[in-house]
file start_28.csv (CSV, N, CA and C atoms)
chain,number,residue,atom,x,y,z
S,117,MET,N,-18.8,74.6,37.6
S,117,MET,CA,-19.7,73.9,36.7
S,117,MET,C,-19.0,72.6,36.2
S,118,THR,N,-19.8,71.6,36.1
S,118,THR,CA,-19.2,70.4,35.5
S,118,THR,C,-19.1,70.5,34.0
S,119,PHE,N,-18.4,69.6,33.4
S,119,PHE,CA,-18.3,69.6,31.9
S,119,PHE,C,-19.7,69.5,31.3
S,120,ALA,N,-20.5,68.6,31.9
S,120,ALA,CA,-21.9,68.4,31.4
S,120,ALA,C,-22.7,69.7,31.4
S,121,GLU,N,-22.6,70.4,32.6
S,121,GLU,CA,-23.3,71.6,32.7
S,121,GLU,C,-22.9,72.7,31.7
S,122,LYS,N,-21.5,72.8,31.6
S,122,LYS,CA,-21.0,73.8,30.6
S,122,LYS,C,-21.5,73.5,29.2
S,123,LEU,N,-21.3,72.2,28.8
S,123,LEU,CA,-21.7,71.9,27.4
S,123,LEU,C,-23.2,72.2,27.2
S,124,ARG,N,-24.0,71.8,28.0
S,124,ARG,CA,-25.5,72.0,27.8
S,124,ARG,C,-25.8,73.5,27.9
S,125,HIS,N,-25.2,74.2,28.8
S,125,HIS,CA,-25.5,75.7,29.0
S,125,HIS,C,-25.0,76.4,27.7
S,126,ILE,N,-23.9,76.2,27.3
S,126,ILE,CA,-23.3,76.9,26.1
S,126,ILE,C,-24.0,76.5,24.8
S,127,ARG,N,-24.3,75.2,24.7
S,127,ARG,CA,-24.9,74.7,23.5
S,127,ARG,C,-26.3,75.3,23.3
S,128,VAL,N,-27.1,75.3,24.4
S,128,VAL,CA,-28.4,75.9,24.4
S,128,VAL,C,-28.3,77.4,24.2
S,129,GLY,N,-27.4,78.1,24.8
S,129,GLY,CA,-27.2,79.5,24.7
S,129,GLY,C,-26.9,79.9,23.3
S,130,GLN,N,-26.1,79.0,22.6
S,130,GLN,CA,-25.8,79.3,21.2
S,130,GLN,C,-26.8,78.7,20.2
S,131,HIS,N,-27.9,78.2,20.7
S,131,HIS,CA,-29.0,77.7,19.9
S,131,HIS,C,-28.5,76.6,18.9
S,132,LYS,N,-27.7,75.7,19.4
S,132,LYS,CA,-27.2,74.6,18.6
S,132,LYS,C,-27.9,73.3,19.1
S,133,THR,N,-28.2,72.4,18.2
S,133,THR,CA,-28.8,71.2,18.6
S,133,THR,C,-27.7,70.2,19.0
S,134,GLN,N,-28.2,69.1,19.7
S,134,GLN,CA,-27.2,68.1,20.0
S,134,GLN,C,-26.6,67.4,18.8
S,135,ALA,N,-27.5,67.3,17.7
S,135,ALA,CA,-27.0,66.7,16.5
S,135,ALA,C,-26.0,67.6,15.8
S,136,GLU,N,-26.1,68.9,15.8
S,136,GLU,CA,-25.2,69.8,15.2
S,136,GLU,C,-23.8,69.7,16.0
S,137,VAL,N,-23.9,69.6,17.3
S,137,VAL,CA,-22.6,69.5,18.1
S,137,VAL,C,-22.0,68.2,17.8
S,138,ALA,N,-22.8,67.1,17.8
S,138,ALA,CA,-22.2,65.8,17.5
S,138,ALA,C,-21.5,65.8,16.2
S,139,LYS,N,-22.1,66.3,15.2
S,139,LYS,CA,-21.5,66.4,13.8
S,139,LYS,C,-20.2,67.2,13.8
S,140,ALA,N,-20.2,68.3,14.5
S,140,ALA,CA,-19.0,69.2,14.6
S,140,ALA,C,-17.8,68.5,15.3
S,141,LEU,N,-18.2,67.7,16.3
S,141,LEU,CA,-17.2,67.1,17.1
S,141,LEU,C,-16.7,65.7,16.6
S,142,GLY,N,-17.5,65.2,15.6
S,142,GLY,CA,-17.2,63.9,15.1
S,142,GLY,C,-17.6,62.7,16.0
S,143,VAL,N,-18.6,62.9,16.8
S,143,VAL,CA,-19.1,61.9,17.7
S,143,VAL,C,-20.6,61.7,17.4
S,144,SER,N,-21.2,60.7,18.0
S,144,SER,CA,-22.6,60.4,17.8
S,144,SER,C,-23.4,61.3,18.7
S,145,SER,N,-24.7,61.4,18.3
S,145,SER,CA,-25.7,62.2,19.1
S,145,SER,C,-25.8,61.6,20.5
S,146,ARG,N,-25.7,60.3,20.5
S,146,ARG,CA,-25.8,59.5,21.8
S,146,ARG,C,-24.7,60.0,22.7
S,147,THR,N,-23.5,60.2,22.2
S,147,THR,CA,-22.3,60.6,23.0
S,147,THR,C,-22.6,62.0,23.6
S,148,ILE,N,-23.2,62.9,22.8
S,148,ILE,CA,-23.5,64.2,23.3
S,148,ILE,C,-24.5,64.1,24.4
S,149,ILE,N,-25.5,63.2,24.3
S,149,ILE,CA,-26.5,63.0,25.3
S,149,ILE,C,-25.8,62.6,26.6
S,150,LEU,N,-24.9,61.6,26.5
S,150,LEU,CA,-24.1,61.1,27.6
S,150,LEU,C,-23.2,62.2,28.2
S,151,TYR,N,-22.6,63.0,27.4
S,151,TYR,CA,-21.8,64.1,27.9
S,151,TYR,C,-22.7,65.0,28.7
S,152,GLU,N,-23.9,65.4,28.2
S,152,GLU,CA,-24.7,66.4,28.9
S,152,GLU,C,-25.4,65.8,30.2
S,153,GLN,N,-25.5,64.5,30.2
S,153,GLN,CA,-26.0,63.8,31.4
S,153,GLN,C,-24.9,63.6,32.5
S,154,GLY,N,-23.7,63.9,32.1
S,154,GLY,CA,-22.6,63.7,33.0
S,154,GLY,C,-22.1,62.2,33.1
S,155,SER,N,-22.6,61.4,32.2
S,155,SER,CA,-22.2,60.0,32.3
S,155,SER,C,-20.9,59.7,31.6
S,156,ARG,N,-20.4,60.6,30.8
S,156,ARG,CA,-19.2,60.4,30.1
S,156,ARG,C,-18.6,61.8,29.8
S,157,LYS,N,-17.2,61.8,29.7
S,157,LYS,CA,-16.5,63.0,29.3
S,157,LYS,C,-15.6,62.6,28.1
S,158,PRO,N,-15.2,63.6,27.3
S,158,PRO,CA,-14.3,63.2,26.1
S,158,PRO,C,-13.0,62.6,26.6
S,159,ARG,N,-12.6,61.6,25.9
S,159,ARG,CA,-11.3,60.9,26.2
S,159,ARG,C,-10.2,61.5,25.3
S,160,SER,N,-10.6,62.0,24.2
S,160,SER,CA,-9.6,62.5,23.2
S,160,SER,C,-9.4,64.0,23.3
S,161,GLU,N,-8.1,64.4,23.3
S,161,GLU,CA,-7.8,65.8,23.2
S,161,GLU,C,-8.4,66.5,22.0
S,162,ASP,N,-8.5,65.7,20.9
S,162,ASP,CA,-9.1,66.3,19.7
S,162,ASP,C,-10.5,66.8,19.9
S,163,VAL,N,-11.3,66.1,20.8
S,163,VAL,CA,-12.7,66.5,21.1
S,163,VAL,C,-12.6,67.8,21.8
S,164,TYR,N,-11.7,68.0,22.8
S,164,TYR,CA,-11.6,69.2,23.5
S,164,TYR,C,-11.2,70.4,22.5
S,165,GLU,N,-10.3,70.1,21.6
S,165,GLU,CA,-9.9,71.1,20.6
S,165,GLU,C,-11.1,71.5,19.7
S,166,ARG,N,-11.9,70.5,19.3
S,166,ARG,CA,-13.1,70.8,18.5
S,166,ARG,C,-14.1,71.6,19.2
S,167,LEU,N,-14.3,71.3,20.5
S,167,LEU,CA,-15.2,72.1,21.4
S,167,LEU,C,-14.7,73.5,21.5
S,168,ALA,N,-13.4,73.7,21.6
S,168,ALA,CA,-12.8,75.0,21.7
S,168,ALA,C,-13.1,75.8,20.4
S,169,GLU,N,-13.0,75.2,19.3
S,169,GLU,CA,-13.2,75.8,18.0
S,169,GLU,C,-14.7,76.1,17.8
S,170,LEU,N,-15.6,75.1,18.1
S,170,LEU,CA,-17.0,75.3,17.9
S,170,LEU,C,-17.6,76.4,18.8
S,171,PHE,N,-17.2,76.4,20.0
S,171,PHE,CA,-17.8,77.4,21.0
S,171,PHE,C,-16.9,78.5,21.3
S,172,ASP,N,-15.8,78.6,20.7
S,172,ASP,CA,-14.8,79.7,21.0
S,172,ASP,C,-14.5,79.8,22.5
S,173,ALA,N,-14.3,78.7,23.1
S,173,ALA,CA,-13.9,78.6,24.5
S,173,ALA,C,-12.7,77.7,24.6
S,174,PRO,N,-11.6,78.1,25.2
S,174,PRO,CA,-10.3,77.3,25.2
S,174,PRO,C,-10.5,75.9,25.8
S,175,PRO,N,-9.7,74.9,25.3
S,175,PRO,CA,-9.7,73.6,25.8
S,175,PRO,C,-9.7,73.5,27.3
S,176,SER,N,-8.9,74.3,27.9
S,176,SER,CA,-8.7,74.3,29.4
S,176,SER,C,-10.0,74.6,30.1
S,177,PHE,N,-10.9,75.4,29.5
S,177,PHE,CA,-12.2,75.7,30.1
S,177,PHE,C,-13.0,74.4,30.1
S,178,TRP,N,-12.9,73.6,29.1
S,178,TRP,CA,-13.7,72.4,29.1
S,178,TRP,C,-13.2,71.3,30.0
S,179,GLN,N,-11.8,71.3,30.1
S,179,GLN,CA,-11.2,70.2,30.9
S,179,GLN,C,-11.2,70.4,32.4
S,180,ASN,N,-11.4,71.7,32.8
S,180,ASN,CA,-11.3,72.0,34.3
S,180,ASN,C,-12.7,72.3,34.8
S,181,GLU,N,-13.0,71.9,36.0
S,181,GLU,CA,-14.3,72.2,36.6
S,181,GLU,C,-14.2,73.1,37.8
S,182,SER,N,-15.0,74.2,37.8
S,182,SER,CA,-14.9,75.2,38.9
S,182,SER,C,-16.3,75.7,39.2
S,183,GLU,N,-16.6,76.0,40.4
S,183,GLU,CA,-17.9,76.5,40.8
S,183,GLU,C,-18.1,77.9,40.2
S,184,ASP,N,-17.0,78.6,39.9
S,184,ASP,CA,-17.0,80.0,39.3
S,184,ASP,C,-17.3,80.0,37.8
S,185,ASP,N,-17.5,78.9,37.2
S,185,ASP,CA,-17.5,78.9,35.7
S,185,ASP,C,-18.9,79.4,35.2
S,186,PHE,N,-19.9,79.6,36.0
S,186,PHE,CA,-21.2,80.0,35.4
S,186,PHE,C,-21.1,81.3,34.6
S,187,GLN,N,-20.4,82.3,35.2
S,187,GLN,CA,-20.3,83.6,34.5
S,187,GLN,C,-19.5,83.4,33.2
S,188,ILE,N,-18.4,82.7,33.2
S,188,ILE,CA,-17.6,82.4,32.0
S,188,ILE,C,-18.4,81.7,31.0
S,189,ALA,N,-19.1,80.6,31.4
S,189,ALA,CA,-20.0,79.9,30.5
S,189,ALA,C,-21.0,80.8,29.9
S,190,SER,N,-21.6,81.7,30.6
S,190,SER,CA,-22.6,82.6,30.1
S,190,SER,C,-22.0,83.5,29.0
S,191,MET,N,-20.8,83.9,29.2
S,191,MET,CA,-20.1,84.7,28.2
S,191,MET,C,-20.0,83.9,26.9
S,192,TYR,N,-19.6,82.6,27.0
S,192,TYR,CA,-19.4,81.8,25.8
S,192,TYR,C,-20.8,81.5,25.2
S,193,ALA,N,-21.8,81.3,26.0
S,193,ALA,CA,-23.1,81.0,25.5
S,193,ALA,C,-23.8,82.1,24.9
S,194,HIS,N,-23.7,83.3,25.4
S,194,HIS,CA,-24.4,84.5,25.0
S,194,HIS,C,-23.6,85.7,24.5
S,195,GLY,N,-22.3,85.5,24.4
S,195,GLY,CA,-21.4,86.6,24.1
S,195,GLY,C,-21.2,87.5,25.3
S,196,ASN,N,-20.5,88.6,25.2
S,196,ASN,CA,-20.2,89.4,26.3
S,196,ASN,C,-21.4,90.0,27.0
S,197,GLY,N,-22.5,90.2,26.2
S,197,GLY,CA,-23.7,90.7,26.8
S,197,GLY,C,-24.3,89.8,27.8
S,198,GLY,N,-24.2,88.5,27.6
S,198,GLY,CA,-24.6,87.5,28.6
S,198,GLY,C,-23.8,87.5,29.8
S,199,ARG,N,-22.5,87.7,29.6
S,199,ARG,CA,-21.5,87.8,30.7
S,199,ARG,C,-21.8,89.0,31.6
S,200,VAL,N,-22.0,90.1,30.9
S,200,VAL,CA,-22.3,91.4,31.6
S,200,VAL,C,-23.6,91.2,32.4
S,201,GLN,N,-24.6,90.7,31.8
S,201,GLN,CA,-25.9,90.4,32.5
S,201,GLN,C,-25.7,89.5,33.7
S,202,ALA,N,-24.9,88.4,33.5
S,202,ALA,CA,-24.7,87.5,34.6
S,202,ALA,C,-23.9,88.1,35.7
S,203,ASP,N,-22.9,88.9,35.4
S,203,ASP,CA,-22.1,89.6,36.4
S,203,ASP,C,-22.9,90.5,37.2
S,204,LYS,N,-23.7,91.3,36.5
S,204,LYS,CA,-24.6,92.3,37.1
S,204,LYS,C,-25.6,91.6,38.1
S,205,LEU,N,-26.2,90.6,37.6
S,205,LEU,CA,-27.2,89.9,38.5
S,205,LEU,C,-26.5,89.3,39.7
S,206,VAL,N,-25.4,88.6,39.5
S,206,VAL,CA,-24.7,88.1,40.7
S,206,VAL,C,-24.3,89.2,41.7
S,207,SER,N,-23.7,90.3,41.1
S,207,SER,CA,-23.3,91.4,42.0
S,207,SER,C,-24.5,92.0,42.8
S,208,GLU,N,-25.6,92.2,42.1
S,208,GLU,CA,-26.8,92.8,42.7
S,208,GLU,C,-27.3,91.8,43.8
S,209,MET,N,-27.4,90.5,43.5
S,209,MET,CA,-27.9,89.6,44.4
S,209,MET,C,-27.0,89.5,45.7
S,210,ALA,N,-25.7,89.5,45.4
S,210,ALA,CA,-24.7,89.5,46.6
S,210,ALA,C,-24.9,90.7,47.4
S,211,GLY,N,-25.1,91.9,46.8
S,211,GLY,CA,-25.3,93.1,47.6
S,211,GLY,C,-26.6,93.0,48.3
S,212,LEU,N,-27.6,92.5,47.7
S,212,LEU,CA,-28.9,92.4,48.4
S,212,LEU,C,-28.8,91.5,49.6
S,213,PHE,N,-28.2,90.4,49.5
S,213,PHE,CA,-28.1,89.4,50.6
S,213,PHE,C,-27.1,89.9,51.7
S,214,ALA,N,-26.0,90.6,51.3
S,214,ALA,CA,-25.0,91.0,52.2
S,214,ALA,C,-25.4,92.3,53.0
S,215,GLY,N,-26.0,93.2,52.2
S,215,GLY,CA,-26.2,94.5,52.8
S,215,GLY,C,-27.6,94.9,52.9
S,216,GLY,N,-28.5,94.1,52.3
S,216,GLY,CA,-29.9,94.5,52.2
S,216,GLY,C,-30.6,94.3,53.5
S,217,LYS,N,-31.8,94.7,53.6
S,217,LYS,CA,-32.6,94.5,54.8
S,217,LYS,C,-33.6,93.4,54.7
S,218,LEU,N,-33.2,92.4,54.0
S,218,LEU,CA,-34.1,91.2,53.9
S,218,LEU,C,-34.0,90.3,55.1
S,219,SER,N,-35.1,89.8,55.5
S,219,SER,CA,-35.0,88.7,56.5
S,219,SER,C,-34.4,87.5,55.8
S,220,GLU,N,-34.0,86.5,56.6
S,220,GLU,CA,-33.5,85.3,56.1
S,220,GLU,C,-34.6,84.6,55.3
S,221,GLU,N,-35.8,84.6,55.8
S,221,GLU,CA,-36.9,84.0,55.1
S,221,GLU,C,-37.2,84.7,53.8
S,222,ASP,N,-37.2,86.0,53.7
S,222,ASP,CA,-37.4,86.7,52.5
S,222,ASP,C,-36.3,86.5,51.5
S,223,ALA,N,-35.0,86.4,52.0
S,223,ALA,CA,-33.9,86.1,51.1
S,223,ALA,C,-34.1,84.7,50.5
S,224,ASP,N,-34.5,83.7,51.3
S,224,ASP,CA,-34.8,82.4,50.8
S,224,ASP,C,-35.9,82.4,49.7
S,225,GLU,N,-36.9,83.2,49.9
S,225,GLU,CA,-38.0,83.4,48.9
S,225,GLU,C,-37.5,84.0,47.6
S,226,VAL,N,-36.6,84.9,47.7
S,226,VAL,CA,-36.1,85.5,46.5
S,226,VAL,C,-35.3,84.5,45.7
S,227,MET,N,-34.5,83.7,46.4
S,227,MET,CA,-33.7,82.6,45.7
S,227,MET,C,-34.6,81.6,45.1
S,228,LEU,N,-35.7,81.2,45.8
S,228,LEU,CA,-36.6,80.2,45.3
S,228,LEU,C,-37.3,80.8,44.0
S,229,ALA,N,-37.7,82.1,44.1
S,229,ALA,CA,-38.4,82.7,42.9
S,229,ALA,C,-37.4,82.7,41.7
S,230,LEU,N,-36.2,83.0,41.9
S,230,LEU,CA,-35.2,83.0,40.8
S,230,LEU,C,-35.0,81.6,40.3
S,231,GLN,N,-34.9,80.6,41.1
S,231,GLN,CA,-34.8,79.3,40.7
S,231,GLN,C,-36.0,78.8,39.9
S,232,LYS,N,-37.2,79.2,40.4
S,232,LYS,CA,-38.5,78.8,39.7
S,232,LYS,C,-38.5,79.5,38.3
S,233,ALA,N,-38.1,80.7,38.2
S,233,ALA,CA,-38.1,81.4,36.9
S,233,ALA,C,-37.1,80.8,36.0
S,234,TYR,N,-35.9,80.4,36.5
S,234,TYR,CA,-34.9,79.8,35.7
S,234,TYR,C,-35.4,78.5,35.1
S,235,TRP,N,-36.0,77.6,36.0
S,235,TRP,CA,-36.4,76.3,35.5
S,235,TRP,C,-37.7,76.4,34.6
S,236,ALA,N,-38.5,77.4,34.8
S,236,ALA,CA,-39.7,77.6,34.0
S,236,ALA,C,-39.2,77.9,32.5
S,237,VAL,N,-38.2,78.8,32.4
S,237,VAL,CA,-37.7,79.2,31.1
S,237,VAL,C,-37.0,78.0,30.5
S,238,LYS,N,-36.2,77.2,31.3
S,238,LYS,CA,-35.5,76.0,30.7
S,238,LYS,C,-36.6,75.0,30.2
S,239,GLU,N,-37.6,74.8,30.9
S,239,GLU,CA,-38.7,73.9,30.5
S,239,GLU,C,-39.3,74.3,29.2
S,240,LYS,N,-39.6,75.6,29.1
S,240,LYS,CA,-40.2,76.2,27.9
S,240,LYS,C,-39.2,76.0,26.7
S,241,GLN,N,-38.0,76.3,26.9
S,241,GLN,CA,-37.0,76.1,25.9
S,241,GLN,C,-36.9,74.7,25.4
S,242,MET,N,-36.9,73.8,26.3
S,242,MET,CA,-36.9,72.3,26.0
S,242,MET,C,-38.1,71.9,25.2
S,243,THR,N,-39.3,72.4,25.6
S,243,THR,CA,-40.5,72.1,24.9
S,243,THR,C,-40.5,72.7,23.5
S,244,ASP,N,-40.1,73.9,23.4
S,244,ASP,CA,-40.0,74.6,22.1
S,244,ASP,C,-39.0,73.8,21.2
S,245,ARG,N,-37.9,73.4,21.7
S,245,ARG,CA,-36.9,72.7,20.9
S,245,ARG,C,-37.4,71.4,20.5
S,246,THR,N,-38.0,70.7,21.4
S,246,THR,CA,-38.5,69.3,21.1
S,246,THR,C,-39.6,69.4,20.0
S,247,GLU,N,-40.5,70.4,20.1
S,247,GLU,CA,-41.5,70.6,19.0
S,247,GLU,C,-40.8,71.0,17.7
S,248,ALA,N,-39.8,71.8,17.7
S,248,ALA,CA,-39.1,72.2,16.5
S,248,ALA,C,-38.4,71.0,15.8
S,249,GLU,N,-37.8,70.2,16.7
S,249,GLU,CA,-37.0,69.0,16.1
S,249,GLU,C,-37.9,67.9,15.8
S,250,GLY,N,-39.1,67.8,16.4
S,250,GLY,CA,-40.0,66.7,16.2
S,250,GLY,C,-40.8,66.8,14.9

call {"tool": "encode", "arguments": {"input": "start_28.csv", "output": "C-alpha cells"}}
result
Amino acid sequence: MTFAEKLRHIRVGQHKTQAEVAKALGVSSRTIILYEQGSRKPRSEDVYERLAELFDAPPSFWQNESEDDFQIASMYAHGNGGRVQADKLVSEMAGLFAGGKLSEEDADEVMLALQKAYWAVKEKQMTDRTEAEG
C-alpha cells in the first residue's frame, strides 16, 4: 500500500476526519488531502512520529510501502478484530482460488463482486461523512 492508501484506510477505519488528523499532525487540512491523493508525502520526521502516536502504528510503517500492508493497515484501522477478519478473508479467498472448483470466469466474477461490494460501502461511507460534516 502507498502512504496515501494507508493514511486514508486507517483514518476512515478509526472514524477520524481529515480536519482532526490535520490538527493532530500540525498541518493544514489541504495537506492531508494532498497526502491522501498521493500528491505529497510528509517531509518531516516529526510528522511520521505524530502519525505513529495518533494511529498507534510505528513510523516505519508509514515510511515504507509494501503490497502486503493491507492486512497490517486493517489492524491499525480496526484493531485486531479487523486484522483477524482481513486475514481470514484473504486466506479463504486464496484457498478458493487455489484449490476450489471455480472456473476462471467464475473466479473473476467473485473478485468483481467483492470489488463492487467494497466500492459501494466506500461510496456510502463518503456520502454519510460528507452529509455529517456539511

call {"tool": "atom_distance", "arguments": {"input": "start_28.csv", "atom1": "atom CA of S:Ala189", "atom2": "atom CA of S:Thr118"}}
result
10.8 Å

call {"tool": "select_by_dssp", "arguments": {"input": "start_28.csv", "residues": "chain S", "states": "helix (DSSP H, G or I)", "output": "PyMOL selection string"}}
result
chain S and resi 119-129+134-141+145-153+161-171+175-179+185-215+220-249

call {"tool": "atom_distance", "arguments": {"input": "start_28.csv", "atom1": "atom C of S:Phe213", "atom2": "atom C of S:Ser182"}}
result
21.8 Å

call {"tool": "closest_residue", "arguments": {"input": "start_28.csv", "among": "S:Trp178, S:Tyr234, S:Tyr164, S:Phe186", "to": "S:Leu141", "atoms": "only N, CA and C atoms"}}
result
S:Tyr164

call {"tool": "atom_distance", "arguments": {"input": "start_28.csv", "atom1": "atom CA of S:Arg159", "atom2": "atom CA of S:Glu181"}}
result
15.6 Å

call {"tool": "residues_around", "arguments": {"input": "start_28.csv", "residues": "stretch 128-139 of chain S", "least_positions_apart": "3", "cutoff": "8 Å", "atoms": "only N, CA and C atoms", "output": "list in words"}}
result
Lys122, Leu123, Arg124, His125, Gly142, Val143, Ser144, Ser145, Arg146, Thr147, Ile148, Ile149, Ser190, Tyr192, Ala193, His194 and Gly195 of chain S

call {"tool": "write_last_selection", "arguments": {"input": "start_28.csv", "atoms": "N, CA and C atoms", "output": "PDB file, keeping the file's coordinate frame"}}
result
ATOM      1  N   LYS S 122     -21.500  72.800  31.600  1.00  0.00           N
ATOM      2  CA  LYS S 122     -21.000  73.800  30.600  1.00  0.00           C
ATOM      3  C   LYS S 122     -21.500  73.500  29.200  1.00  0.00           C
ATOM      4  N   LEU S 123     -21.300  72.200  28.800  1.00  0.00           N
ATOM      5  CA  LEU S 123     -21.700  71.900  27.400  1.00  0.00           C
ATOM      6  C   LEU S 123     -23.200  72.200  27.200  1.00  0.00           C
ATOM      7  N   ARG S 124     -24.000  71.800  28.000  1.00  0.00           N
ATOM      8  CA  ARG S 124     -25.500  72.000  27.800  1.00  0.00           C
ATOM      9  C   ARG S 124     -25.800  73.500  27.900  1.00  0.00           C
ATOM     10  N   HIS S 125     -25.200  74.200  28.800  1.00  0.00           N
ATOM     11  CA  HIS S 125     -25.500  75.700  29.000  1.00  0.00           C
ATOM     12  C   HIS S 125     -25.000  76.400  27.700  1.00  0.00           C
ATOM     13  N   GLY S 142     -17.500  65.200  15.600  1.00  0.00           N
ATOM     14  CA  GLY S 142     -17.200  63.900  15.100  1.00  0.00           C
ATOM     15  C   GLY S 142     -17.600  62.700  16.000  1.00  0.00           C
ATOM     16  N   VAL S 143     -18.600  62.900  16.800  1.00  0.00           N
ATOM     17  CA  VAL S 143     -19.100  61.900  17.700  1.00  0.00           C
ATOM     18  C   VAL S 143     -20.600  61.700  17.400  1.00  0.00           C
ATOM     19  N   SER S 144     -21.200  60.700  18.000  1.00  0.00           N
ATOM     20  CA  SER S 144     -22.600  60.400  17.800  1.00  0.00           C
ATOM     21  C   SER S 144     -23.400  61.300  18.700  1.00  0.00           C
ATOM     22  N   SER S 145     -24.700  61.400  18.300  1.00  0.00           N
ATOM     23  CA  SER S 145     -25.700  62.200  19.100  1.00  0.00           C
ATOM     24  C   SER S 145     -25.800  61.600  20.500  1.00  0.00           C
ATOM     25  N   ARG S 146     -25.700  60.300  20.500  1.00  0.00           N
ATOM     26  CA  ARG S 146     -25.800  59.500  21.800  1.00  0.00           C
ATOM     27  C   ARG S 146     -24.700  60.000  22.700  1.00  0.00           C
ATOM     28  N   THR S 147     -23.500  60.200  22.200  1.00  0.00           N
ATOM     29  CA  THR S 147     -22.300  60.600  23.000  1.00  0.00           C
ATOM     30  C   THR S 147     -22.600  62.000  23.600  1.00  0.00           C
ATOM     31  N   ILE S 148     -23.200  62.900  22.800  1.00  0.00           N
ATOM     32  CA  ILE S 148     -23.500  64.200  23.300  1.00  0.00           C
ATOM     33  C   ILE S 148     -24.500  64.100  24.400  1.00  0.00           C
ATOM     34  N   ILE S 149     -25.500  63.200  24.300  1.00  0.00           N
ATOM     35  CA  ILE S 149     -26.500  63.000  25.300  1.00  0.00           C
ATOM     36  C   ILE S 149     -25.800  62.600  26.600  1.00  0.00           C
ATOM     37  N   SER S 190     -21.600  81.700  30.600  1.00  0.00           N
ATOM     38  CA  SER S 190     -22.600  82.600  30.100  1.00  0.00           C
ATOM     39  C   SER S 190     -22.000  83.500  29.000  1.00  0.00           C
ATOM     40  N   TYR S 192     -19.600  82.600  27.000  1.00  0.00           N
ATOM     41  CA  TYR S 192     -19.400  81.800  25.800  1.00  0.00           C
ATOM     42  C   TYR S 192     -20.800  81.500  25.200  1.00  0.00           C
ATOM     43  N   ALA S 193     -21.800  81.300  26.000  1.00  0.00           N
ATOM     44  CA  ALA S 193     -23.100  81.000  25.500  1.00  0.00           C
ATOM     45  C   ALA S 193     -23.800  82.100  24.900  1.00  0.00           C
ATOM     46  N   HIS S 194     -23.700  83.300  25.400  1.00  0.00           N
ATOM     47  CA  HIS S 194     -24.400  84.500  25.000  1.00  0.00           C
ATOM     48  C   HIS S 194     -23.600  85.700  24.500  1.00  0.00           C
ATOM     49  N   GLY S 195     -22.300  85.500  24.400  1.00  0.00           N
ATOM     50  CA  GLY S 195     -21.400  86.600  24.100  1.00  0.00           C
ATOM     51  C   GLY S 195     -21.200  87.500  25.300  1.00  0.00           C
TER      52      GLY S 195
END

call {"tool": "residues_around", "arguments": {"input": "start_28.csv", "residues": "S:Pro174", "least_positions_apart": "3", "cutoff": "12 Å", "atoms": "only C-alpha atoms", "output": "PyMOL selection string"}}
result
chain S and resi 161+163-171+177-180+188-189+192
